[in-house]
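**Student:** So here's data.csv (CSV, C-alpha atoms).
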```
chain,number,residue,atom,x,y,z
E,1,MET,CA,0.0,0.0,0.0
E,2,SER,CA,1.5,3.3,-1.1
E,3,ARG,CA,1.0,6.4,0.9
E,4,ALA,CA,2.4,8.4,-2.0
E,5,ALA,CA,-0.5,7.1,-4.1
E,6,LEU,CA,-3.0,8.4,-1.5
E,7,LEU,CA,-1.4,11.8,-1.6
E,8,VAL,CA,-1.7,11.9,-5.4
E,9,LEU,CA,-5.3,10.8,-5.3
E,10,ALA,CA,-6.2,13.3,-2.6
E,11,ASP,CA,-4.3,16.2,-4.2
E,12,GLY,CA,-6.6,19.0,-5.4
E,13,ARG,CA,-4.5,19.1,-8.6
E,14,PHE,CA,-5.5,15.6,-9.5
E,15,PRO,CA,-7.4,16.2,-12.8
E,16,ALA,CA,-10.7,14.9,-11.7
E,17,GLY,CA,-12.7,18.1,-12.3
E,18,GLY,CA,-13.5,18.8,-8.7
E,19,HIS,CA,-12.2,22.4,-8.8
E,20,ALA,CA,-15.2,23.4,-10.9
E,21,HIS,CA,-17.7,22.4,-8.2
E,22,SER,CA,-18.5,24.1,-4.8
E,23,GLY,CA,-20.3,21.2,-3.1
E,24,GLY,CA,-23.3,23.4,-2.4
E,25,ALA,CA,-21.2,26.3,-1.1
E,26,GLU,CA,-22.2,28.7,-3.8
E,27,PRO,CA,-25.9,28.7,-3.1
E,28,ALA,CA,-25.1,28.7,0.7
E,29,VAL,CA,-23.1,31.9,0.3
E,30,ALA,CA,-25.8,33.5,-1.9
E,31,GLU,CA,-28.4,32.8,0.8
E,32,GLY,CA,-26.2,34.1,3.6
E,33,ARG,CA,-25.8,30.7,5.4
E,34,VAL,CA,-22.0,30.8,4.8
E,35,ARG,CA,-20.5,34.2,5.4
E,36,ASP,CA,-17.3,33.7,7.4
E,37,ALA,CA,-15.0,31.1,8.8
E,38,ASP,CA,-17.4,30.0,11.6
E,39,SER,CA,-20.3,29.5,9.3
E,40,LEU,CA,-18.1,27.7,6.8
E,41,ALA,CA,-17.0,25.3,9.5
E,42,ALA,CA,-20.7,24.6,10.4
E,43,PHE,CA,-21.5,24.0,6.7
E,44,CYS,CA,-18.6,21.7,6.2
E,45,ARG,CA,-19.3,19.7,9.4
E,46,GLY,CA,-22.9,19.2,8.4
E,47,ARG,CA,-22.0,18.1,4.9
E,48,LEU,CA,-19.3,15.8,6.2
E,49,HIS,CA,-21.6,13.9,8.5
E,50,THR,CA,-24.4,13.5,6.0
E,51,ALA,CA,-23.5,13.4,2.3
E,52,GLY,CA,-19.8,13.0,3.1
E,53,LEU,CA,-20.4,9.9,5.2
E,54,THR,CA,-22.6,8.3,2.5
E,55,ALA,CA,-20.0,9.0,-0.2
E,56,ALA,CA,-17.1,7.8,1.9
E,57,ALA,CA,-18.8,4.5,2.6
E,58,LEU,CA,-19.5,4.0,-1.1
E,59,ALA,CA,-15.9,4.6,-1.9
E,60,ALA,CA,-14.7,2.4,0.9
E,61,ALA,CA,-17.0,-0.4,-0.4
E,62,ALA,CA,-15.6,-0.1,-3.9
E,63,ALA,CA,-12.0,-0.2,-2.6
E,64,HIS,CA,-13.0,-3.3,-0.5
E,65,GLY,CA,-14.0,-5.1,-3.7
E,66,LEU,CA,-17.8,-5.0,-3.6
E,67,ASP,CA,-19.6,-5.0,-6.9
E,68,PRO,CA,-19.2,-1.5,-8.4
E,69,LEU,CA,-22.3,-1.7,-10.5
E,70,ALA,CA,-24.4,-2.6,-7.4
E,71,LEU,CA,-22.7,0.3,-5.6
E,72,ASP,CA,-23.5,2.6,-8.4
E,73,GLU,CA,-27.2,1.6,-8.1
E,74,ALA,CA,-26.9,2.2,-4.3
E,75,ALA,CA,-25.5,5.6,-4.9
E,76,ASP,CA,-28.4,6.5,-7.2
E,77,ALA,CA,-30.8,5.4,-4.4
E,78,ARG,CA,-29.0,7.6,-2.0
E,79,THR,CA,-29.0,10.7,-4.2
E,80,PRO,CA,-32.6,12.0,-4.6
E,81,SER,CA,-31.6,15.2,-6.4
E,82,PRO,CA,-31.4,14.8,-10.2
E,83,ALA,CA,-29.0,17.7,-10.4
E,84,LEU,CA,-26.6,15.9,-7.9
E,85,ARG,CA,-26.9,12.6,-9.6
E,86,ALA,CA,-25.9,14.3,-12.9
E,87,THR,CA,-23.0,16.0,-11.1
E,88,ALA,CA,-21.8,12.8,-9.5
E,89,ARG,CA,-21.8,11.0,-12.8
E,90,LYS,CA,-20.0,13.9,-14.6
E,91,LEU,CA,-17.3,13.9,-11.9
E,92,GLY,CA,-17.2,10.1,-12.1
E,93,ARG,CA,-16.6,10.2,-15.8
E,94,GLN,CA,-13.8,12.8,-15.4
E,95,MET,CA,-12.2,10.8,-12.6
E,96,MET,CA,-12.4,7.6,-14.6
E,97,ARG,CA,-10.4,9.3,-17.4
E,98,ALA,CA,-7.7,10.4,-14.9
E,99,ALA,CA,-7.7,7.1,-13.1
E,100,ARG,CA,-7.2,4.9,-16.2
E,101,ALA,CA,-4.3,7.1,-17.3
E,102,THR,CA,-2.7,7.0,-13.8
E,103,TRP,CA,-3.5,3.5,-12.4
E,104,PRO,CA,-4.9,1.5,-15.4
E,105,GLY,CA,-6.5,-1.8,-14.5
E,106,PRO,CA,-9.2,-4.3,-15.7
E,107,GLU,CA,-11.7,-3.3,-13.0
E,108,LEU,CA,-11.6,0.3,-14.1
E,109,ASP,CA,-11.9,-0.7,-17.7
E,110,ALA,CA,-15.0,-2.9,-16.9
E,111,LEU,CA,-16.8,-0.1,-15.1
E,112,ALA,CA,-16.0,2.4,-17.8
E,113,THR,CA,-17.5,0.0,-20.4
E,114,ALA,CA,-20.6,-0.7,-18.3
E,115,ARG,CA,-21.2,3.0,-17.5
E,116,PRO,CA,-20.0,4.9,-20.5
E,117,ARG,CA,-21.8,8.1,-19.3
E,118,GLY,CA,-20.1,7.9,-16.0
E,119,ALA,CA,-20.6,6.0,-12.7
E,120,HIS,CA,-21.0,7.9,-9.4
E,121,GLN,CA,-17.8,9.7,-8.5
E,122,PRO,CA,-17.4,8.0,-5.0
E,123,VAL,CA,-17.6,4.6,-6.6
E,124,VAL,CA,-15.1,5.5,-9.3
E,125,LEU,CA,-12.8,7.0,-6.6
E,126,GLY,CA,-13.0,3.8,-4.5
E,127,LEU,CA,-12.2,1.6,-7.5
E,128,THR,CA,-9.3,4.0,-8.4
E,129,ALA,CA,-8.0,3.6,-4.8
E,130,ARG,CA,-8.2,-0.2,-5.2
E,131,SER,CA,-6.3,0.0,-8.5
E,132,ALA,CA,-3.7,2.1,-6.9
E,133,GLY,CA,-3.2,-0.5,-4.1
E,134,LEU,CA,-5.0,1.5,-1.5
E,135,GLY,CA,-7.5,0.2,1.1
E,136,PRO,CA,-11.0,1.1,2.2
E,137,GLU,CA,-9.8,3.4,4.9
E,138,ASP,CA,-7.7,5.3,2.4
E,139,ALA,CA,-10.6,5.7,0.0
E,140,ALA,CA,-12.9,6.9,2.8
E,141,HIS,CA,-10.4,9.4,4.0
E,142,CYS,CA,-9.9,10.8,0.5
E,143,VAL,CA,-13.7,11.3,0.0
E,144,ALA,CA,-14.2,12.7,3.5
E,145,TYR,CA,-11.4,15.2,2.9
E,146,GLU,CA,-12.7,16.3,-0.5
E,147,THR,CA,-16.2,16.7,1.0
E,148,VAL,CA,-15.0,19.6,3.0
E,149,SER,CA,-12.0,20.9,1.0
E,150,GLY,CA,-14.1,21.6,-2.1
E,151,PRO,CA,-16.5,23.9,-0.3
E,152,ALA,CA,-13.7,25.6,1.6
E,153,THR,CA,-11.7,26.3,-1.5
E,154,ALA,CA,-14.9,27.6,-3.2
E,155,VAL,CA,-15.7,29.9,-0.3
E,156,VAL,CA,-12.2,31.5,-0.5
E,157,ARG,CA,-13.1,32.5,-4.1
E,158,LEU,CA,-16.8,33.4,-3.4
E,159,LEU,CA,-16.2,35.5,-0.3
E,160,SER,CA,-12.5,36.4,-0.7
E,161,LEU,CA,-12.2,34.6,2.6
E,162,ASP,CA,-8.6,34.6,4.0
E,163,PRO,CA,-7.2,31.3,2.8
E,164,PHE,CA,-5.4,30.9,6.2
E,165,HIS,CA,-8.8,30.9,7.9
E,166,ALA,CA,-10.2,28.4,5.4
E,167,THR,CA,-7.3,26.1,6.0
E,168,ALA,CA,-7.7,26.4,9.7
E,169,VAL,CA,-11.3,25.3,9.4
E,170,LEU,CA,-10.1,22.1,7.6
E,171,ALA,CA,-7.5,21.5,10.3
E,172,ARG,CA,-10.0,21.7,13.1
E,173,LEU,CA,-12.2,19.3,11.3
E,174,ALA,CA,-9.5,16.6,11.2
E,175,PRO,CA,-10.9,14.6,14.1
E,176,ASP,CA,-14.4,14.5,12.4
E,177,LEU,CA,-12.7,13.4,9.2
E,178,ASP,CA,-11.0,10.5,10.9
E,179,ARG,CA,-14.3,9.4,12.6
E,180,VAL,CA,-16.3,9.6,9.4
E,181,ALA,CA,-13.6,7.6,7.5
E,182,GLU,CA,-13.6,4.9,10.2
E,183,GLN,CA,-17.4,4.7,10.2
E,184,ALA,CA,-17.4,4.4,6.4
E,185,ALA,CA,-14.8,1.7,6.2
E,186,GLU,CA,-16.5,-0.3,8.9
E,187,ALA,CA,-19.8,-0.2,7.2
E,188,ALA,CA,-18.2,-1.2,3.9
E,189,ARG,CA,-16.9,-4.4,5.5
E,190,GLN,CA,-20.4,-5.4,6.4
E,191,GLY,CA,-21.8,-5.2,2.8
E,192,ILE,CA,-23.9,-3.0,0.6
E,193,ASP,CA,-27.0,-3.3,2.8
E,194,ALA,CA,-25.0,-1.9,5.8
E,195,LEU,CA,-23.9,1.3,3.9
E,196,PRO,CA,-25.2,4.5,5.5
E,197,ALA,CA,-27.8,6.6,3.7
E,198,ALA,CA,-27.4,9.8,5.6
E,199,SER,CA,-29.2,12.7,3.9
E,200,ALA,CA,-28.9,16.4,3.6
E,201,PRO,CA,-32.2,17.7,2.3
E,202,LEU,CA,-31.1,21.3,2.1
E,203,LEU,CA,-28.2,20.4,-0.1
E,204,ASP,CA,-30.6,18.5,-2.4
E,205,ILE,CA,-33.0,21.5,-2.5
E,206,THR,CA,-30.4,24.1,-3.2
E,207,ALA,CA,-28.7,21.9,-5.8
E,208,GLU,CA,-31.9,21.9,-7.8
E,209,ALA,CA,-32.2,25.7,-7.5
E,210,HIS,CA,-28.6,26.3,-8.3
E,211,ALA,CA,-28.7,24.2,-11.5
E,212,ALA,CA,-31.3,26.6,-12.8
E,213,TRP,CA,-29.2,29.8,-12.2
E,214,PRO,CA,-28.6,31.6,-15.4
E,215,VAL,CA,-25.1,32.7,-14.2
E,216,ARG,CA,-23.0,30.9,-11.7
E,217,LEU,CA,-19.3,30.6,-10.8
E,218,PHE,CA,-19.3,26.8,-10.1
E,219,ALA,CA,-21.0,23.9,-11.8
E,220,SER,CA,-22.6,22.7,-8.6
```
Written as structure tokens, how would this file's structure read?
**Tutor:**
Amino acid sequence: MSRAALLVLADGRFPAGGHAHSGGAEPAVAEGRVRDADSLAAFCRGRLHTAGLTAAALAAAAAHGLDPLALDEAADARTPSPALRATARKLGRQMMRAARATWPGPELDALATARPRGAHQPVVLGLTARSAGLGPEDAAHCVAYETVSGPATAVVRLLSLDPFHATAVLARLAPDLDRVAEQAAEAARQGIDALPAASAPLLDITAEAHAAWPVRLFAS
């Protein structure tokens, strides 16, 4: 197992398209729910323990070797918002391109063939981690981190928030990230039926509204 591979996969410069997405932060800023470092921390913590936990468990399950097609269906069932389903598949398609160029393998090829329009991004990320020789905990940590780092980076641009303050928010969330990754990996070992389905209805609602904006800085 290569820790260097984990760093590459978790790096924000990995060409998986995440930089174009705010993870719901853009509408939250527009509505005044995120306005400073404290409200950013609350937003990220809520996202981490709901949508983040669900996504991390899906990734951990894929890294553990569970059927990625069944996991993709499980991801659909856990994503009620059509806008978020479309986003997850778009990001999954982009990650698949990067993954097959970086850590090519037959399991990635099989999923790409079965889901030419893209599988859900957490499933692809978990399978990518598996192809890179990483384990379920690694995949879960990677997803948990991107669940909060994406919004934090977006808010720096949206509010001109001091990047030192945004980074401090991520650092203070480290214990939560560890707990969520542990919970996700443990659920993955128990099978698909044990995977969490934690929901964040406000994220679903705002994602649908955001998708209809005529002008926006981020894709989601």
**Student:** Would you kindly return, as a PyMOL selection string, each protein, DNA or RNA residue with an atom no farther than 8 Å from any atom of stretch 94-105 of chain E, considering only C-alpha atoms and excluding same-chain residues fewer than 3 positions away?
**Tutor:** chain E and resi 14-17+90-91+108-109+112+118+121+124-125+128+131-132
**Student:** With a distance cut-off of 9 Å and all atoms listed in the file, select the neighbouring residues of E:Leu127, excluding the residue or stretch itself and same-chain residues fewer than 2 positions from it, and output the selection as a PyMOL selection string.
**Tutor:** chain E and resi 59-65+68+107-108+122-125+129-132+139
**Student:** How about saving the chosen residues, C-alpha atoms kept, as a CSV table (one decimal), keeping the file's coordinate frame?
**Tutor:**
```csv
chain,number,residue,atom,x,y,z
E,59,ALA,CA,-15.9,4.6,-1.9
E,60,ALA,CA,-14.7,2.4,0.9
E,61,ALA,CA,-17.0,-0.4,-0.4
E,62,ALA,CA,-15.6,-0.1,-3.9
E,63,ALA,CA,-12.0,-0.2,-2.6
E,64,HIS,CA,-13.0,-3.3,-0.5
E,65,GLY,CA,-14.0,-5.1,-3.7
E,68,PRO,CA,-19.2,-1.5,-8.4
E,107,GLU,CA,-11.7,-3.3,-13.0
E,108,LEU,CA,-11.6,0.3,-14.1
E,122,PRO,CA,-17.4,8.0,-5.0
E,123,VAL,CA,-17.6,4.6,-6.6
E,124,VAL,CA,-15.1,5.5,-9.3
E,125,LEU,CA,-12.8,7.0,-6.6
E,129,ALA,CA,-8.0,3.6,-4.8
E,130,ARG,CA,-8.2,-0.2,-5.2
E,131,SER,CA,-6.3,0.0,-8.5
E,132,ALA,CA,-3.7,2.1,-6.9
E,139,ALA,CA,-10.6,5.7,0.0
```
**Student:** Mind checking which residues fall within 10 Å of E:Ser149, counting all atoms listed in the file, ignoring those fewer than 2 positions away in the same chain, and posting them as a list in words?
**Tutor:**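 Near E:Ser149, the qualifying residues are Gly12, His19, Ser22, Gly23, Cys44, Val143, Ala144, Tyr145, Glu146, Thr147, Pro151, Ala152, Thr153, Ala154, Val155, Ala166, Thr167, Val169 and Leu170 of chain E.
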**Student:** Suppose we keep C-alpha atoms; can you now write the selection as an mmCIF file, in the coordinates of the input?
**Tutor:**
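Written out: again-v1.cif:
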```cif
data_model
loop_
_atom_site.group_PDB
_atom_site.id
_atom_site.type_symbol
_atom_site.label_atom_id
_atom_site.label_comp_id
_atom_site.auth_asym_id
_atom_site.auth_seq_id
_atom_site.Cartn_x
_atom_site.Cartn_y
_atom_site.Cartn_z
ATOM 1 C CA GLY E 12 -6.600 19.000 -5.400
ATOM 2 C CA HIS E 19 -12.200 22.400 -8.800
ATOM 3 C CA SER E 22 -18.500 24.100 -4.800
ATOM 4 C CA GLY E 23 -20.300 21.200 -3.100
ATOM 5 C CA CYS E 44 -18.600 21.700 6.200
ATOM 6 C CA VAL E 143 -13.700 11.300 0.000
ATOM 7 C CA ALA E 144 -14.200 12.700 3.500
ATOM 8 C CA TYR E 145 -11.400 15.200 2.900
ATOM 9 C CA GLU E 146 -12.700 16.300 -0.500
ATOM 10 C CA THR E 147 -16.200 16.700 1.000
ATOM 11 C CA PRO E 151 -16.500 23.900 -0.300
ATOM 12 C CA ALA E 152 -13.700 25.600 1.600
ATOM 13 C CA THR E 153 -11.700 26.300 -1.500
ATOM 14 C CA ALA E 154 -14.900 27.600 -3.200
ATOM 15 C CA VAL E 155 -15.700 29.900 -0.300
ATOM 16 C CA ALA E 166 -10.200 28.400 5.400
ATOM 17 C CA THR E 167 -7.300 26.100 6.000
ATOM 18 C CA VAL E 169 -11.300 25.300 9.400
ATOM 19 C CA LEU E 170 -10.100 22.100 7.600
#
```
**Student:** Check the smallest atom-to-atom distance from each of E:Ala55, E:Ala20, E:Leu159, E:Cys142 to E:Asp178 using all atoms listed in the file, then report the winner.
**Tutor:**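 With all atoms listed in the file as the atom set, the closest residue is E:Cys142.
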**Student:** For E:Ala75, which of E:Ile192, E:Ile205, E:Ala184, E:Leu158 is the closest residue, counting only C-alpha atoms?
**Tutor:**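 Among E:Ile192, E:Ile205, E:Ala184, E:Leu158, it is E:Ile192 that comes nearest to E:Ala75.
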**Student:** Which neighbours of E:Ala30 fall inside 12 Å, counting all atoms listed in the file, when residues of the same chain fewer than 2 positions from it are skipped, and could you give them as a VMD selection string?
**Tutor:** chain E and resid 24 to 28 32 to 35 155 158 to 159 206 209 to 210 213 216 to 217
**Student:** Could you tell me which of E:Gln183, E:Ser39, E:Ser2, E:Ser220 comes closest to E:Asp204 if we count all atoms listed in the file?
**Tutor:** E:Ser220
**Student:** Between E:Glu182, E:Asp162, E:Asp72, E:Asp193, single out the one closest to E:Ala37, counting all atoms listed in the file.
**Tutor:** E:Asp162
**Student:** Which residue is closest to E:Ala188? Choose from E:Ser160, E:Pro116, E:Leu58, E:Ala110 and count all atoms listed in the file.
**Tutor:** E:Leu58
**Student:** What gap, in Å, lies between atom CA of E:Arg93 and atom CA of E:Ala119?
**Tutor:** 6.6 Å
**Student:** Please, what distance in Å, to one decimal, runs between atom CA of E:Ala4 and atom CA of E:Ala181?
**Tutor:**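 Result for atom CA of E:Ala4 versus atom CA of E:Ala181: 18.6 Å, one decimal.
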**Student:** To one decimal in Å, tell me the separation between atom CA of E:Thr54 and atom CA of E:Ala198.
**Tutor:**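 Distance between the two atoms: 5.9 Å.
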**Student:** Would you please work out which residue, of E:Leu84, E:Ala57, E:Val148, E:Ala171, is nearest to E:Ala207 when using only C-alpha atoms?
**Tutor:** E:Leu84
**Student:** Please rebuild stretch 5-36 of chain E with N, CA and C atoms and give the result as a PDB file, in the frame of the given file.
**Tutor:**
```pdb
ATOM      1  N   ALA E   5       0.658   7.185  -3.262  1.00  0.00           N
ATOM      2  CA  ALA E   5      -0.500   7.100  -4.100  1.00  0.00           C
ATOM      3  C   ALA E   5      -1.711   7.804  -3.508  1.00  0.00           C
ATOM      4  N   LEU E   6      -1.861   7.685  -2.199  1.00  0.00           N
ATOM      5  CA  LEU E   6      -3.000   8.400  -1.500  1.00  0.00           C
ATOM      6  C   LEU E   6      -2.809   9.876  -1.641  1.00  0.00           C
ATOM      7  N   LEU E   7      -1.596  10.368  -1.510  1.00  0.00           N
ATOM      8  CA  LEU E   7      -1.400  11.800  -1.600  1.00  0.00           C
ATOM      9  C   LEU E   7      -1.711  12.283  -3.050  1.00  0.00           C
ATOM     10  N   VAL E   8      -1.352  11.496  -4.061  1.00  0.00           N
ATOM     11  CA  VAL E   8      -1.700  11.900  -5.400  1.00  0.00           C
ATOM     12  C   VAL E   8      -3.182  11.898  -5.638  1.00  0.00           C
ATOM     13  N   LEU E   9      -3.885  10.885  -5.131  1.00  0.00           N
ATOM     14  CA  LEU E   9      -5.300  10.800  -5.300  1.00  0.00           C
ATOM     15  C   LEU E   9      -6.070  11.906  -4.584  1.00  0.00           C
ATOM     16  N   ALA E  10      -5.576  12.282  -3.411  1.00  0.00           N
ATOM     17  CA  ALA E  10      -6.200  13.300  -2.600  1.00  0.00           C
ATOM     18  C   ALA E  10      -5.840  14.726  -2.996  1.00  0.00           C
ATOM     19  N   ASP E  11      -4.822  14.856  -3.818  1.00  0.00           N
ATOM     20  CA  ASP E  11      -4.300  16.200  -4.200  1.00  0.00           C
ATOM     21  C   ASP E  11      -5.373  16.917  -5.022  1.00  0.00           C
ATOM     22  N   GLY E  12      -5.618  18.162  -4.650  1.00  0.00           N
ATOM     23  CA  GLY E  12      -6.600  19.000  -5.400  1.00  0.00           C
ATOM     24  C   GLY E  12      -6.212  19.194  -6.827  1.00  0.00           C
ATOM     25  N   ARG E  13      -4.953  18.933  -7.178  1.00  0.00           N
ATOM     26  CA  ARG E  13      -4.500  19.100  -8.600  1.00  0.00           C
ATOM     27  C   ARG E  13      -4.714  17.837  -9.396  1.00  0.00           C
ATOM     28  N   PHE E  14      -5.173  16.759  -8.769  1.00  0.00           N
ATOM     29  CA  PHE E  14      -5.500  15.600  -9.500  1.00  0.00           C
ATOM     30  C   PHE E  14      -6.603  15.917 -10.522  1.00  0.00           C
ATOM     31  N   PRO E  15      -6.431  15.647 -11.819  1.00  0.00           N
ATOM     32  CA  PRO E  15      -7.400  16.200 -12.800  1.00  0.00           C
ATOM     33  C   PRO E  15      -8.691  15.455 -12.895  1.00  0.00           C
ATOM     34  N   ALA E  16      -9.451  15.544 -11.806  1.00  0.00           N
ATOM     35  CA  ALA E  16     -10.700  14.900 -11.700  1.00  0.00           C
ATOM     36  C   ALA E  16     -11.910  15.851 -11.844  1.00  0.00           C
ATOM     37  N   GLY E  17     -11.631  17.129 -12.041  1.00  0.00           N
ATOM     38  CA  GLY E  17     -12.700  18.100 -12.300  1.00  0.00           C
ATOM     39  C   GLY E  17     -13.333  18.708 -11.060  1.00  0.00           C
ATOM     40  N   GLY E  18     -12.884  18.347  -9.868  1.00  0.00           N
ATOM     41  CA  GLY E  18     -13.500  18.800  -8.700  1.00  0.00           C
ATOM     42  C   GLY E  18     -13.423  20.330  -8.447  1.00  0.00           C
ATOM     43  N   HIS E  19     -12.400  20.964  -9.038  1.00  0.00           N
ATOM     44  CA  HIS E  19     -12.200  22.400  -8.800  1.00  0.00           C
ATOM     45  C   HIS E  19     -13.353  23.242  -9.378  1.00  0.00           C
ATOM     46  N   ALA E  20     -14.143  22.678 -10.288  1.00  0.00           N
ATOM     47  CA  ALA E  20     -15.200  23.400 -10.900  1.00  0.00           C
ATOM     48  C   ALA E  20     -16.536  23.322 -10.078  1.00  0.00           C
ATOM     49  N   HIS E  21     -16.497  22.629  -8.949  1.00  0.00           N
ATOM     50  CA  HIS E  21     -17.700  22.400  -8.200  1.00  0.00           C
ATOM     51  C   HIS E  21     -17.517  22.910  -6.731  1.00  0.00           C
ATOM     52  N   SER E  22     -18.575  23.476  -6.181  1.00  0.00           N
ATOM     53  CA  SER E  22     -18.500  24.100  -4.800  1.00  0.00           C
ATOM     54  C   SER E  22     -19.099  23.196  -3.767  1.00  0.00           C
ATOM     55  N   GLY E  23     -19.692  22.063  -4.134  1.00  0.00           N
ATOM     56  CA  GLY E  23     -20.300  21.200  -3.100  1.00  0.00           C
ATOM     57  C   GLY E  23     -21.444  21.849  -2.367  1.00  0.00           C
ATOM     58  N   GLY E  24     -22.173  22.720  -3.028  1.00  0.00           N
ATOM     59  CA  GLY E  24     -23.300  23.400  -2.400  1.00  0.00           C
ATOM     60  C   GLY E  24     -22.925  24.705  -1.717  1.00  0.00           C
ATOM     61  N   ALA E  25     -21.640  25.066  -1.745  1.00  0.00           N
ATOM     62  CA  ALA E  25     -21.200  26.300  -1.100  1.00  0.00           C
ATOM     63  C   ALA E  25     -21.705  27.547  -1.774  1.00  0.00           C
ATOM     64  N   GLU E  26     -21.777  27.513  -3.102  1.00  0.00           N
ATOM     65  CA  GLU E  26     -22.200  28.700  -3.800  1.00  0.00           C
ATOM     66  C   GLU E  26     -23.598  29.172  -3.455  1.00  0.00           C
ATOM     67  N   PRO E  27     -24.598  28.290  -3.495  1.00  0.00           N
ATOM     68  CA  PRO E  27     -25.900  28.700  -3.100  1.00  0.00           C
ATOM     69  C   PRO E  27     -25.968  29.080  -1.565  1.00  0.00           C
ATOM     70  N   ALA E  28     -25.161  28.381  -0.753  1.00  0.00           N
ATOM     71  CA  ALA E  28     -25.100  28.700   0.700  1.00  0.00           C
ATOM     72  C   ALA E  28     -24.594  30.092   0.933  1.00  0.00           C
ATOM     73  N   VAL E  29     -23.598  30.507   0.153  1.00  0.00           N
ATOM     74  CA  VAL E  29     -23.100  31.900   0.300  1.00  0.00           C
ATOM     75  C   VAL E  29     -24.118  32.869  -0.214  1.00  0.00           C
ATOM     76  N   ALA E  30     -24.776  32.562  -1.329  1.00  0.00           N
ATOM     77  CA  ALA E  30     -25.800  33.500  -1.900  1.00  0.00           C
ATOM     78  C   ALA E  30     -26.934  33.698  -0.905  1.00  0.00           C
ATOM     79  N   GLU E  31     -27.268  32.665  -0.133  1.00  0.00           N
ATOM     80  CA  GLU E  31     -28.400  32.800   0.800  1.00  0.00           C
ATOM     81  C   GLU E  31     -27.943  33.276   2.178  1.00  0.00           C
ATOM     82  N   GLY E  32     -26.660  33.548   2.347  1.00  0.00           N
ATOM     83  CA  GLY E  32     -26.200  34.100   3.600  1.00  0.00           C
ATOM     84  C   GLY E  32     -25.924  33.071   4.691  1.00  0.00           C
ATOM     85  N   ARG E  33     -26.036  31.780   4.348  1.00  0.00           N
ATOM     86  CA  ARG E  33     -25.800  30.700   5.400  1.00  0.00           C
ATOM     87  C   ARG E  33     -24.311  30.512   5.591  1.00  0.00           C
ATOM     88  N   VAL E  34     -23.487  30.830   4.616  1.00  0.00           N
ATOM     89  CA  VAL E  34     -22.000  30.800   4.800  1.00  0.00           C
ATOM     90  C   VAL E  34     -21.543  32.229   4.507  1.00  0.00           C
ATOM     91  N   ARG E  35     -20.950  32.843   5.526  1.00  0.00           N
ATOM     92  CA  ARG E  35     -20.500  34.200   5.400  1.00  0.00           C
ATOM     93  C   ARG E  35     -19.169  34.520   6.002  1.00  0.00           C
ATOM     94  N   ASP E  36     -18.625  33.540   6.764  1.00  0.00           N
ATOM     95  CA  ASP E  36     -17.300  33.700   7.400  1.00  0.00           C
ATOM     96  C   ASP E  36     -16.770  32.354   7.759  1.00  0.00           C
TER      97      ASP E  36
END
```
